[in-house]
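Printed here is coords_33.txt (compact mmCIF, C-alpha atoms):
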```txt
# COMPACT_ATOMS: atom_id res chain seq x y z
CA MET M 1 -1.49 11.60 -19.10
CA SER M 2 2.07 12.37 -18.05
CA GLN M 3 2.70 15.77 -16.50
CA GLY M 4 5.62 17.70 -15.10
CA ASN M 5 8.38 20.17 -15.83
CA LEU M 6 11.91 19.36 -16.90
CA PHE M 7 13.04 18.78 -13.32
CA ALA M 8 10.23 16.26 -12.77
CA TYR M 9 11.40 14.16 -15.73
CA LEU M 10 15.02 14.61 -14.69
CA ILE M 11 14.52 13.18 -11.20
CA ILE M 12 12.52 10.25 -12.63
CA LEU M 13 15.46 9.43 -14.91
CA ILE M 14 18.11 10.02 -12.23
CA TRP M 15 16.46 7.81 -9.58
CA PRO M 16 17.74 4.50 -11.03
CA LEU M 17 21.29 5.92 -11.15
CA PHE M 18 20.96 7.12 -7.57
CA SER M 19 19.70 3.67 -6.57
CA ILE M 20 22.65 1.96 -8.24
CA TRP M 21 24.98 4.23 -6.26
CA LEU M 22 23.14 3.25 -3.06
CA TYR M 23 23.48 -0.46 -3.75
CA ARG M 24 27.18 0.00 -4.44
CA HIS M 25 27.92 1.92 -1.24
CA LYS M 26 25.27 0.89 1.30
CA SER M 27 23.99 -2.37 2.70
CA ILE M 28 21.33 -4.10 0.61
CA GLN M 29 18.73 -3.36 3.31
CA VAL M 30 19.47 0.38 3.56
CA ALA M 31 19.66 0.74 -0.23
CA THR M 32 16.32 -1.03 -0.65
CA LEU M 33 14.53 1.10 1.94
CA ILE M 34 15.83 4.37 0.50
CA THR M 35 15.14 3.32 -3.09
CA ILE M 36 11.54 2.18 -2.57
CA VAL M 37 10.27 4.16 0.42
CA GLY M 38 12.33 7.22 -0.49
CA GLY M 39 11.00 7.07 -4.04
CA PHE M 40 7.45 7.13 -2.73
CA MET M 41 8.33 10.13 -0.58
CA VAL M 42 9.98 12.39 -3.16
CA LEU M 43 9.26 11.38 -6.77
CA PRO M 44 6.60 13.30 -8.74
CA VAL M 45 3.18 11.68 -8.96
CA LYS M 46 2.07 11.79 -12.61
CA THR M 47 5.39 12.16 -14.41
CA GLU M 48 5.95 9.04 -16.51
CA VAL M 49 8.24 7.76 -19.22
CA ASP M 50 6.10 5.69 -21.60
CA LEU M 51 7.97 2.94 -23.46
CA PRO M 52 6.51 0.32 -25.82
CA MET M 53 5.42 -3.10 -24.49
CA ILE M 54 5.76 -2.10 -20.81
CA PRO M 55 3.64 0.06 -18.49
CA ALA M 56 4.60 3.71 -18.15
CA MET M 57 7.56 4.15 -15.81
CA GLY M 58 6.82 6.57 -12.98
CA LYS M 59 6.60 7.10 -9.24
CA HIS M 60 5.73 3.49 -8.36
CA SER M 61 7.41 1.45 -11.08
CA ILE M 62 10.77 3.26 -11.23
CA PRO M 63 11.70 2.55 -7.55
CA ALA M 64 10.59 -1.09 -7.87
CA LEU M 65 12.58 -1.62 -11.05
CA SER M 66 15.59 0.22 -9.58
CA ALA M 67 15.54 -2.00 -6.50
CA LEU M 68 15.26 -5.12 -8.65
CA LEU M 69 18.32 -4.07 -10.66
CA GLY M 70 20.22 -3.15 -7.51
CA VAL M 71 19.58 -6.47 -5.77
CA TRP M 72 20.10 -8.61 -8.88
CA TRP M 73 22.82 -6.73 -10.78
CA ILE M 74 24.82 -4.92 -8.06
CA LYS M 75 24.37 -7.24 -5.07
CA LYS M 76 24.24 -10.42 -7.21
CA GLN M 77 21.19 -11.83 -5.44
CA PRO M 78 18.59 -13.22 -7.85
CA ILE M 79 15.06 -12.70 -6.58
CA SER M 80 13.02 -15.84 -5.96
CA TYR M 81 9.30 -15.52 -6.63
CA VAL M 82 8.09 -19.04 -5.81
CA LYS M 83 10.94 -20.89 -4.08
CA GLN M 84 10.13 -22.02 -0.52
CA LEU M 85 6.76 -20.28 -0.58
CA GLY M 86 4.76 -23.45 -0.07
CA LYS M 87 1.12 -23.05 -1.01
CA MET M 88 1.61 -19.30 -1.38
CA LYS M 89 3.26 -19.96 -4.74
CA TYR M 90 -0.16 -20.68 -6.25
CA LEU M 91 -1.26 -17.17 -5.31
CA VAL M 92 1.85 -15.76 -7.00
CA ILE M 93 1.19 -17.78 -10.15
CA LEU M 94 -2.45 -16.64 -10.16
CA LEU M 95 -1.41 -13.02 -9.59
CA LEU M 96 1.01 -13.02 -12.52
CA CYS M 97 -0.96 -15.22 -14.94
CA GLY M 98 -4.41 -13.81 -14.14
CA PRO M 99 -4.04 -10.80 -16.49
CA PHE M 100 -3.75 -13.16 -19.48
CA ILE M 101 -6.95 -14.94 -18.51
CA THR M 102 -8.66 -11.58 -17.98
CA ALA M 103 -7.52 -10.42 -21.43
CA HIS M 104 -8.76 -13.64 -23.04
CA LEU M 105 -12.20 -13.23 -21.44
CA ASN M 106 -12.50 -9.55 -22.39
CA SER M 107 -11.84 -9.50 -26.12
CA ASP M 108 -15.30 -7.97 -26.72
CA MET M 109 -15.77 -4.24 -27.21
CA ILE M 110 -18.04 -2.15 -24.99
CA ILE M 111 -20.40 0.47 -26.41
CA VAL M 112 -22.51 2.52 -23.99
CA GLY M 113 -24.10 5.91 -24.59
CA GLY M 114 -21.86 6.63 -27.54
CA ARG M 115 -18.70 5.65 -25.64
CA PHE M 116 -16.56 2.97 -27.28
CA ILE M 117 -14.08 0.89 -25.26
CA LYS M 118 -11.96 -1.59 -27.15
CA GLY M 119 -11.61 -5.25 -26.32
CA LEU M 120 -8.46 -6.53 -24.67
CA SER M 121 -5.67 -8.36 -26.46
CA TYR M 122 -2.86 -10.55 -25.18
CA TYR M 123 -0.65 -7.48 -25.54
CA ASP M 124 -2.82 -5.85 -22.86
CA GLY M 125 -2.51 -8.99 -20.76
CA LEU M 126 1.28 -8.87 -21.03
CA SER M 127 1.37 -5.20 -20.11
CA ALA M 128 -0.87 -5.83 -17.08
CA MET M 129 1.30 -8.78 -16.02
CA ILE M 130 4.45 -6.62 -16.15
CA ASN M 131 2.67 -3.98 -14.11
CA GLN M 132 1.69 -6.58 -11.50
CA PHE M 133 5.23 -7.92 -11.51
CA LEU M 134 6.73 -4.50 -10.76
CA LEU M 135 4.11 -3.74 -8.13
CA VAL M 136 4.77 -6.87 -6.05
CA THR M 137 8.52 -7.25 -6.68
CA PRO M 138 9.33 -5.26 -3.50
CA PHE M 139 7.35 -7.90 -1.58
CA PHE M 140 9.77 -10.60 -2.71
CA ILE M 141 12.80 -8.38 -2.23
CA GLY M 142 11.69 -7.72 1.35
CA ARG M 143 11.14 -11.41 1.95
CA GLN M 144 14.59 -12.28 0.64
CA VAL M 145 16.88 -9.61 2.10
CA PHE M 146 15.28 -8.89 5.50
CA LYS M 147 15.62 -11.95 7.71
CA THR M 148 17.04 -11.08 11.12
CA HIS M 149 15.70 -9.12 14.07
CA GLU M 150 18.34 -6.45 13.44
CA GLN M 151 17.18 -6.03 9.85
CA GLN M 152 13.55 -5.79 10.95
CA LEU M 153 14.58 -3.25 13.58
CA LEU M 154 16.36 -1.27 10.85
CA MET M 155 13.08 -1.08 8.95
CA PHE M 156 11.25 0.35 11.96
CA LYS M 157 14.00 2.88 12.66
CA PHE M 158 14.08 3.93 9.00
CA LEU M 159 10.32 4.49 8.91
CA VAL M 160 10.48 6.62 12.05
CA ALA M 161 13.39 8.65 10.67
CA ALA M 162 11.53 9.08 7.37
CA GLY M 163 8.46 10.29 9.25
CA LEU M 164 10.52 12.83 11.20
CA VAL M 165 12.16 14.16 8.03
CA TYR M 166 8.82 14.35 6.21
CA SER M 167 7.19 16.11 9.15
CA LEU M 168 8.95 19.37 8.16
CA PRO M 169 7.28 19.74 4.73
CA ILE M 170 4.06 18.40 6.27
CA LEU M 171 4.01 21.19 8.85
CA PHE M 172 4.86 23.70 6.13
CA GLU M 173 1.90 22.64 3.98
CA VAL M 174 -0.47 22.53 6.94
CA ARG M 175 0.29 26.22 7.40
CA MET M 176 0.84 27.37 3.80
CA SER M 177 -1.44 24.91 1.91
CA PRO M 178 -0.17 22.04 -0.31
CA GLN M 179 2.13 23.90 -2.70
CA LEU M 180 5.44 22.01 -2.77
CA HIS M 181 4.56 19.64 -5.61
CA THR M 182 3.46 22.59 -7.76
CA TRP M 183 6.50 24.69 -6.94
CA ILE M 184 9.04 21.96 -7.58
CA TYR M 185 7.42 19.76 -10.27
CA GLY M 186 5.24 22.33 -11.99
CA TYR M 187 1.72 21.01 -11.36
CA PHE M 188 -0.67 19.89 -8.62
CA PRO M 189 -1.26 16.12 -8.80
CA HIS M 190 -4.88 15.94 -7.63
CA ASP M 191 -8.03 17.93 -6.94
CA PHE M 192 -6.95 20.84 -4.73
CA GLY M 193 -10.45 21.14 -3.29
CA GLN M 194 -10.21 17.66 -1.74
CA GLN M 195 -7.32 18.84 0.42
CA LYS M 196 -9.45 21.46 2.21
CA ARG M 197 -10.65 20.21 5.57
CA TYR M 198 -11.93 21.83 8.79
CA GLY M 199 -10.89 25.35 7.89
CA GLY M 200 -7.40 24.31 6.80
CA PHE M 201 -5.56 21.99 4.45
CA ARG M 202 -4.38 18.44 4.28
CA PRO M 203 -0.65 18.24 3.52
CA VAL M 204 0.14 16.49 0.22
CA VAL M 205 3.89 17.12 -0.20
CA PHE M 206 4.99 14.69 -2.99
CA MET M 207 2.63 11.77 -2.32
CA GLY M 208 -0.28 12.87 -4.48
CA HIS M 209 -3.09 13.12 -1.91
CA GLY M 210 -3.52 14.08 1.73
CA LEU M 211 -4.88 10.63 2.57
CA LEU M 212 -1.57 9.04 1.50
CA VAL M 213 0.40 11.43 3.69
CA ALA M 214 -1.86 10.66 6.64
CA PHE M 215 -1.40 6.92 6.21
CA PHE M 216 2.36 7.39 5.90
CA ILE M 217 2.26 8.97 9.36
CA VAL M 218 0.17 6.02 10.61
CA VAL M 219 3.00 3.71 9.51
CA ALA M 220 5.61 5.92 11.22
CA LEU M 221 3.48 6.09 14.38
CA THR M 222 3.05 2.31 14.50
CA SER M 223 6.81 1.90 14.08
CA VAL M 224 7.76 4.31 16.86
CA ALA M 225 5.16 2.78 19.19
CA ALA M 226 6.96 -0.57 18.83
CA LEU M 227 10.33 1.09 19.49
CA SER M 228 8.85 2.83 22.51
CA VAL M 229 7.74 -0.47 24.05
CA ASN M 230 11.32 -1.74 23.71
CA ARG M 231 12.71 1.61 24.95
CA ILE M 232 14.80 2.12 21.82
CA LYS M 233 15.83 5.75 21.23
CA ILE M 234 15.78 7.46 17.85
CA ARG M 235 19.19 9.10 18.05
CA GLN M 236 18.85 11.59 20.90
CA PHE M 237 15.04 11.63 20.81
CA SER M 238 12.88 9.78 23.31
CA PRO M 239 10.58 7.30 21.52
CA THR M 240 7.69 8.41 23.75
CA THR M 241 8.16 12.03 22.71
CA VAL M 242 8.31 11.06 19.03
CA THR M 243 5.18 8.92 19.46
CA TYR M 244 3.13 11.86 20.69
CA TYR M 245 4.65 14.10 18.03
CA PHE M 246 3.38 11.72 15.34
CA LEU M 247 -0.04 11.65 17.00
CA PHE M 248 -0.07 15.44 16.79
CA LEU M 249 0.94 15.27 13.10
CA LEU M 250 -1.79 12.74 12.42
CA ILE M 251 -4.41 15.13 13.80
CA LEU M 252 -3.05 17.88 11.54
CA CYS M 253 -3.37 15.58 8.51
CA LYS M 254 -7.16 15.76 8.95
CA SER M 255 -8.03 12.21 7.92
CA ILE M 256 -10.58 10.53 10.19
CA ALA M 257 -9.82 7.01 8.95
CA SER M 258 -6.05 7.38 9.39
CA LEU M 259 -6.53 8.95 12.82
CA CYS M 260 -8.61 5.93 13.85
CA PHE M 261 -5.97 3.55 12.47
CA GLY M 262 -3.21 5.44 14.25
CA LEU M 263 -4.97 5.52 17.61
CA PHE M 264 -5.89 1.86 17.25
CA SER M 265 -2.29 0.75 16.57
CA PHE M 266 -0.90 3.04 19.27
CA VAL M 267 -3.22 1.74 21.99
CA LEU M 268 -2.90 -1.89 20.86
CA ILE M 269 0.91 -1.91 20.73
CA LYS M 270 1.43 0.13 23.89
CA PHE M 271 -1.10 -1.53 26.17
CA ALA M 272 -2.23 -4.93 24.81
CA LYS M 273 -0.48 -8.25 25.28
CA ILE M 274 1.57 -9.55 22.37
CA LYS M 275 -0.77 -12.48 21.81
CA VAL M 276 -3.75 -10.11 21.68
CA GLN M 277 -1.93 -8.01 19.08
CA HIS M 278 -1.48 -11.04 16.83
CA HIS M 279 -5.13 -11.98 17.27
CA MET M 280 -6.25 -8.46 16.38
CA ALA M 281 -3.99 -8.50 13.33
CA MET M 282 -5.72 -11.67 12.16
CA VAL M 283 -9.13 -10.09 12.81
CA LEU M 284 -8.10 -7.20 10.54
CA VAL M 285 -6.98 -9.67 7.88
CA CYS M 286 -10.30 -11.54 8.04
CA LEU M 287 -12.22 -8.28 7.77
CA ALA M 288 -10.30 -7.23 4.66
CA MET M 289 -10.57 -10.65 3.02
CA LEU M 290 -14.27 -11.11 3.76
CA TYR M 291 -15.37 -7.57 2.93
CA PRO M 292 -16.22 -8.23 -0.76
CA THR M 293 -18.25 -11.33 0.11
CA LEU M 294 -20.05 -9.57 2.97
CA SER M 295 -20.82 -6.64 0.66
CA ILE M 296 -22.16 -8.91 -2.08
CA MET M 297 -24.37 -10.71 0.42
CA LYS M 298 -25.35 -7.34 2.00
CA LEU M 299 -24.19 -8.49 5.43
CA PHE M 300 -21.70 -5.70 6.08
CA PRO M 301 -23.18 -2.90 8.28
CA HIS M 302 -22.67 -0.03 5.84
CA GLN M 303 -25.64 1.97 7.08
CA GLY M 304 -24.56 1.52 10.69
CA LEU M 305 -21.18 3.04 9.91
CA VAL M 306 -22.83 5.97 8.13
CA ASP M 307 -25.07 6.55 11.17
CA ILE M 308 -22.05 6.55 13.47
CA ALA M 309 -20.22 8.97 11.18
CA GLU M 310 -23.27 11.25 11.07
CA SER M 311 -23.28 11.50 14.86
CA VAL M 312 -19.72 12.85 14.64
CA ASP M 313 -19.63 14.87 11.41
CA LYS M 314 -22.43 15.14 8.82
CA ASN M 315 -20.01 16.03 6.01
CA ARG M 316 -17.94 12.92 6.66
CA ALA M 317 -21.14 10.84 6.82
CA GLN M 318 -22.12 12.14 3.38
CA SER M 319 -18.65 11.33 2.07
CA LEU M 320 -18.88 7.81 3.47
CA GLN M 321 -22.36 7.31 2.00
CA PHE M 322 -21.05 8.49 -1.36
CA ARG M 323 -18.28 5.89 -1.24
CA PHE M 324 -20.65 3.10 -0.29
CA ASP M 325 -23.09 4.05 -3.07
CA ASN M 326 -20.28 3.93 -5.64
CA GLU M 327 -19.05 0.63 -4.23
CA GLU M 328 -22.51 -0.85 -4.67
CA ARG M 329 -22.69 0.19 -8.33
CA LEU M 330 -19.16 -0.98 -9.08
CA LEU M 331 -19.72 -4.24 -7.22
CA ALA M 332 -22.80 -4.96 -9.31
CA ARG M 333 -20.76 -4.23 -12.43
CA GLY M 334 -17.91 -6.45 -11.21
CA GLN M 335 -20.23 -9.38 -10.55
CA GLU M 336 -21.02 -9.52 -14.27
CA ARG M 337 -17.49 -10.92 -14.72
CA LEU M 338 -17.00 -12.21 -11.24
CA PHE M 339 -13.92 -14.39 -11.42
CA PHE M 340 -11.37 -12.51 -13.57
CA GLY M 341 -12.88 -9.06 -13.92
CA TRP M 342 -13.17 -6.61 -16.78
CA GLY M 343 -9.51 -5.71 -17.26
CA GLY M 344 -8.20 -2.22 -17.92
CA TRP M 345 -9.16 0.80 -20.05
CA GLY M 346 -12.04 1.59 -17.69
CA ARG M 347 -14.05 -1.45 -18.78
CA GLY M 348 -15.16 -2.19 -15.24
CA ARG M 349 -16.46 1.29 -14.51
CA VAL M 350 -20.10 2.41 -14.65
CA TYR M 351 -21.24 4.77 -17.41
CA ASP M 352 -24.45 6.70 -18.05
CA GLU M 353 -26.52 4.73 -20.56
CA HIS M 354 -27.50 7.85 -22.49
CA THR M 355 -24.41 10.09 -22.44
CA GLY M 356 -21.63 7.55 -21.86
CA LYS M 357 -20.31 9.72 -19.03
CA ASP M 358 -18.31 7.93 -16.34
CA ILE M 359 -20.50 8.09 -13.21
CA SER M 360 -18.38 5.92 -10.93
CA VAL M 361 -15.69 6.74 -8.35
CA THR M 362 -13.27 4.01 -7.28
CA ASP M 363 -11.82 5.04 -3.92
CA GLY M 364 -10.94 1.67 -2.37
CA ARG M 365 -8.13 -0.48 -3.67
CA TRP M 366 -10.22 -3.60 -3.16
CA ILE M 367 -12.95 -2.44 -5.56
CA GLN M 368 -10.34 -1.41 -8.12
CA VAL M 369 -8.83 -4.89 -8.03
CA PHE M 370 -12.24 -6.59 -7.97
CA GLY M 371 -13.42 -4.64 -11.00
CA SER M 372 -10.31 -5.13 -13.12
CA SER M 373 -9.11 -8.59 -11.98
CA GLY M 374 -12.21 -10.14 -10.43
CA PHE M 375 -12.54 -12.25 -7.34
CA MET M 376 -9.53 -14.38 -8.31
CA GLY M 377 -7.33 -11.30 -8.65
CA PHE M 378 -8.50 -10.08 -5.26
CA ILE M 379 -7.76 -13.44 -3.64
CA ALA M 380 -4.30 -13.55 -5.22
CA GLY M 381 -3.18 -10.07 -4.19
CA PHE M 382 -4.81 -9.73 -0.80
CA GLY M 383 -4.16 -13.40 -0.06
CA LEU M 384 -0.40 -12.81 -0.19
CA LEU M 385 -0.74 -10.07 2.40
CA ALA M 386 -2.99 -12.24 4.55
CA PHE M 387 -0.50 -15.10 4.49
CA THR M 388 2.25 -12.86 5.89
CA VAL M 389 0.17 -12.12 8.99
CA LEU M 390 -0.79 -15.77 9.44
CA ARG M 391 2.86 -16.80 9.05
CA SER M 392 3.92 -14.22 11.64
CA TYR M 393 1.48 -15.71 14.14
CA THR M 394 3.07 -19.12 13.62
CA ALA M 395 6.51 -17.57 14.05
CA SER M 396 5.48 -15.81 17.25
CA LYS M 397 4.96 -19.18 18.94
CA VAL M 398 8.63 -19.94 18.36
CA LEU M 399 10.19 -16.69 19.55
CA LYS M 400 11.30 -16.45 23.17
CA VAL M 401 12.98 -13.04 23.34
CA LYS M 402 10.35 -10.47 24.32
CA SER M 403 11.84 -7.54 22.38
CA GLU M 404 11.74 -9.60 19.19
CA ARG M 405 8.18 -10.69 19.87
CA VAL M 406 7.17 -7.04 20.33
CA MET M 407 8.56 -6.15 16.91
CA LEU M 408 6.94 -9.11 15.18
CA ALA M 409 3.52 -8.40 16.70
CA ALA M 410 3.67 -4.69 15.85
CA HIS M 411 4.68 -5.58 12.30
CA ALA M 412 1.71 -7.95 11.98
CA VAL M 413 -0.64 -5.23 13.24
CA LEU M 414 0.85 -2.84 10.69
CA VAL M 415 0.20 -5.20 7.77
CA GLY M 416 -3.33 -5.85 9.06
CA ILE M 417 -4.00 -2.09 9.08
CA ILE M 418 -2.52 -1.78 5.59
CA MET M 419 -5.03 -4.38 4.37
CA VAL M 420 -8.06 -2.79 6.03
CA ASN M 421 -7.08 0.63 4.72
CA GLN M 422 -7.56 -0.73 1.19
CA ILE M 423 -11.31 -0.89 1.84
CA PRO M 424 -11.92 2.89 1.95
CA ASN M 425 -8.70 4.03 0.24
CA SER M 426 -6.16 3.02 -2.38
CA SER M 427 -2.68 3.21 -0.88
CA LEU M 428 -1.20 -0.18 -1.73
CA GLY M 429 1.97 0.96 -3.47
CA PRO M 430 5.31 -0.87 -3.78
CA TRP M 431 6.57 0.54 -0.48
CA LEU M 432 3.75 -1.14 1.45
CA TRP M 433 4.35 -4.38 -0.43
CA LEU M 434 7.96 -4.11 0.75
CA LEU M 435 6.90 -3.80 4.39
CA ALA M 436 4.66 -6.87 4.05
CA GLY M 437 7.47 -8.84 2.40
CA ILE M 438 9.83 -7.96 5.25
CA LEU M 439 7.32 -9.42 7.71
CA LEU M 440 7.18 -12.62 5.67
CA GLY M 441 10.97 -12.83 5.42
CA ARG M 442 11.40 -12.38 9.16
CA SER M 443 8.64 -14.88 9.98
CA ASP M 444 10.00 -17.52 7.59
CA SER M 445 13.48 -17.09 9.07
CA ILE M 446 12.15 -17.66 12.59
CA ILE M 447 10.20 -20.76 11.57
CA GLN M 448 13.16 -22.17 9.61
CA SER M 449 15.54 -21.62 12.53
CA LYS M 450 13.21 -23.67 14.75
CA LYS M 451 13.22 -26.51 12.19
CA ASN M 452 17.00 -26.46 12.04
CA ILE M 453 17.26 -26.67 15.81
CA LYS M 454 14.99 -29.73 15.83
CA VAL M 455 17.14 -31.39 13.19
```

Encoded form (structure tokens):
Amino acid sequence: MSQGNLFAYLIILIWPLFSIWLYRHKSIQVATLITIVGGFMVLPVKTEVDLPMIPAMGKHSIPALSALLGVWWIKKQPISYVKQLGKMKYLVILLLCGPFITAHLNSDMIIVGGRFIKGLSYYDGLSAMINQFLLVTPFFIGRQVFKTHEQQLLMFKFLVAAGLVYSLPILFEVRMSPQLHTWIYGYFPHDFGQQKRYGGFRPVVFMGHGLLVAFFIVVALTSVAALSVNRIKIRQFSPTTVTYYFLFLLILCKSIASLCFGLFSFVLIKFAKIKVQHHMAMVLVCLAMLYPTLSIMKLFPHQGLVDIAESVDKNRAQSLQFRFDNEERLLARGQERLFFGWGGWGRGRVYDEHTGKDISVTDGRWIQVFGSSGFMGFIAGFGLLAFTVLRSYTASKVLKVKSERVMLAAHAVLVGIIMVNQIPNSSLGPWLWLLAGILLGRSDSIIQSKKNIKV
């Protein structure tokens, strides 16, 4: 249900106009970063404009659509979704056509405990396809308009600058509690109780949940760590100083998973060899891709992780056990329609047989995709991300300039972390698709330049 005061709806409607201005007056790369990443940073969370035939336009879809219009209409660069993708094009086709197959296989109604859920129609399939299209469009924009080392460097600098700017409201909410979204947009976007941690609060700002803010700082930290290795200043600030500042912010965000991701990327980028970084990125990709299969076969060490968490913090261990228990129920439900899932309208969730009450919690992005789109939907979406990391490893064998290799390896690590974070959390918005697409665009450019030299 859409929420928000007049200002919330006003900024949603103004954002496309602001984006058009950006594309008219800034470079296509700067305009894209501000439109998509900036939209994630400032737009209200649950304020949506609902139009017929298309998904509700809100925080995620408005920036993606605005960027698409800016690149296509203002900059006159049509976006290619399958050209020169090689075998990846089959994943794109599956990703966009899968919702129709899901709708066709889910025309039956569901009745449980007095709850009635309608069957899906091709109208639902079309709506889901448009939603998928808008979600991944930034991936293809990033692939197309970010090609050079300078453009990749711009991305890293922008993410660091965005993190520094956002640190001010983050520090405010750490001290005063998450109030900014309520004050400015008229409502709090999530459960306020979930933001209480360790005698204080997680900052939420305008991202919807403290976990999203924490992961945003992980991205900024990974970016500045790469700049620090290359000794690139952020205006007058030392990259080393900014690195430790982001580490401090990450601690204040009070998210154990994000803190682990941040420390992992920091240590890996600062102290490991470039080749090791690429190998670790591929390990992360394999973990994310194999997790559903390992969970189905009961080979993943869930209990071991709970035991480790319990040795550190019993409350966090209980939280982790709760997530794993819900995953198990949802996974069993998903296996009933293994290949293309249950579709939308909550059809893939678990309900009490007597009351019809929803008794499931879907924290991880992977289980959301698995339940709604099945194993094929998971392979299509996560496979695109995996291919970007694999392509970057191929590109790394071509690069000779160390500073460029540092950036490519750090970028691969970042995308690997993004993928693994979708196991416990759901953070895969358009802005992260954009970052993955930029890695693919840069990697393809490097590989193509090598082919041209040979010719």

Quote the spacing between CA of Gln179 (chain M) and CA of Ser360 (chain M) in Å to one decimal place. 28.5 Å

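CA of Lys118 (chain M) to CA of Lys357 (chain M) spans 16.2 Å [interatomic distance, one decimal].
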
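Interatomic distance, CA of Asp50 (chain M) to CA of Val361 (chain M): 25.5 Å.
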
Identify, on the basis of only C-alpha atoms, every residue whose closest approach to Gly348 (chain M) does not exceed 7 Å; exclude the query and any residue fewer than 6 positions from it along the same chain; express the result as an NGL selection string. :M and (333-334 or 342 or 371-372)

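Those residues that approach Thr137 (chain M) to within 8 Å, counting all atoms listed in the file, are Ala64, Leu68 and Pro430 of chain M; same-chain residues fewer than 6 positions away are not listed.
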
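When all atoms listed in the file are used to compute distances to Gln84 (chain M), the closest of the residues M:Glu48, M:Ala225, M:Tyr123, M:Gln144 turns out to be M:Gln144.
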
Taking the point (3.9, -15.6, 7.2) as given in the file, collect each protein or nucleic acid residue that comes within 12 Å of it, counting all atoms listed in the file, and present the set as a CSV table (one decimal) with C-alpha atoms, in the frame of the given file.
```csv
chain,number,residue,atom,x,y,z
M,84,GLN,CA,10.1,-22.0,-0.5
M,85,LEU,CA,6.8,-20.3,-0.6
M,86,GLY,CA,4.8,-23.4,-0.1
M,87,LYS,CA,1.1,-23.0,-1.0
M,88,MET,CA,1.6,-19.3,-1.4
M,143,ARG,CA,11.1,-11.4,2.0
M,278,HIS,CA,-1.5,-11.0,16.8
M,282,MET,CA,-5.7,-11.7,12.2
M,383,GLY,CA,-4.2,-13.4,-0.1
M,384,LEU,CA,-0.4,-12.8,-0.2
M,385,LEU,CA,-0.7,-10.1,2.4
M,386,ALA,CA,-3.0,-12.2,4.6
M,387,PHE,CA,-0.5,-15.1,4.5
M,388,THR,CA,2.2,-12.9,5.9
M,389,VAL,CA,0.2,-12.1,9.0
M,390,LEU,CA,-0.8,-15.8,9.4
M,391,ARG,CA,2.9,-16.8,9.0
M,392,SER,CA,3.9,-14.2,11.6
M,393,TYR,CA,1.5,-15.7,14.1
M,394,THR,CA,3.1,-19.1,13.6
M,395,ALA,CA,6.5,-17.6,14.0
M,396,SER,CA,5.5,-15.8,17.2
M,408,LEU,CA,6.9,-9.1,15.2
M,409,ALA,CA,3.5,-8.4,16.7
M,411,HIS,CA,4.7,-5.6,12.3
M,412,ALA,CA,1.7,-8.0,12.0
M,415,VAL,CA,0.2,-5.2,7.8
M,436,ALA,CA,4.7,-6.9,4.0
M,437,GLY,CA,7.5,-8.8,2.4
M,438,ILE,CA,9.8,-8.0,5.2
M,439,LEU,CA,7.3,-9.4,7.7
M,440,LEU,CA,7.2,-12.6,5.7
M,441,GLY,CA,11.0,-12.8,5.4
M,442,ARG,CA,11.4,-12.4,9.2
M,443,SER,CA,8.6,-14.9,10.0
M,444,ASP,CA,10.0,-17.5,7.6
M,445,SER,CA,13.5,-17.1,9.1
M,446,ILE,CA,12.2,-17.7,12.6
M,447,ILE,CA,10.2,-20.8,11.6
M,448,GLN,CA,13.2,-22.2,9.6
```
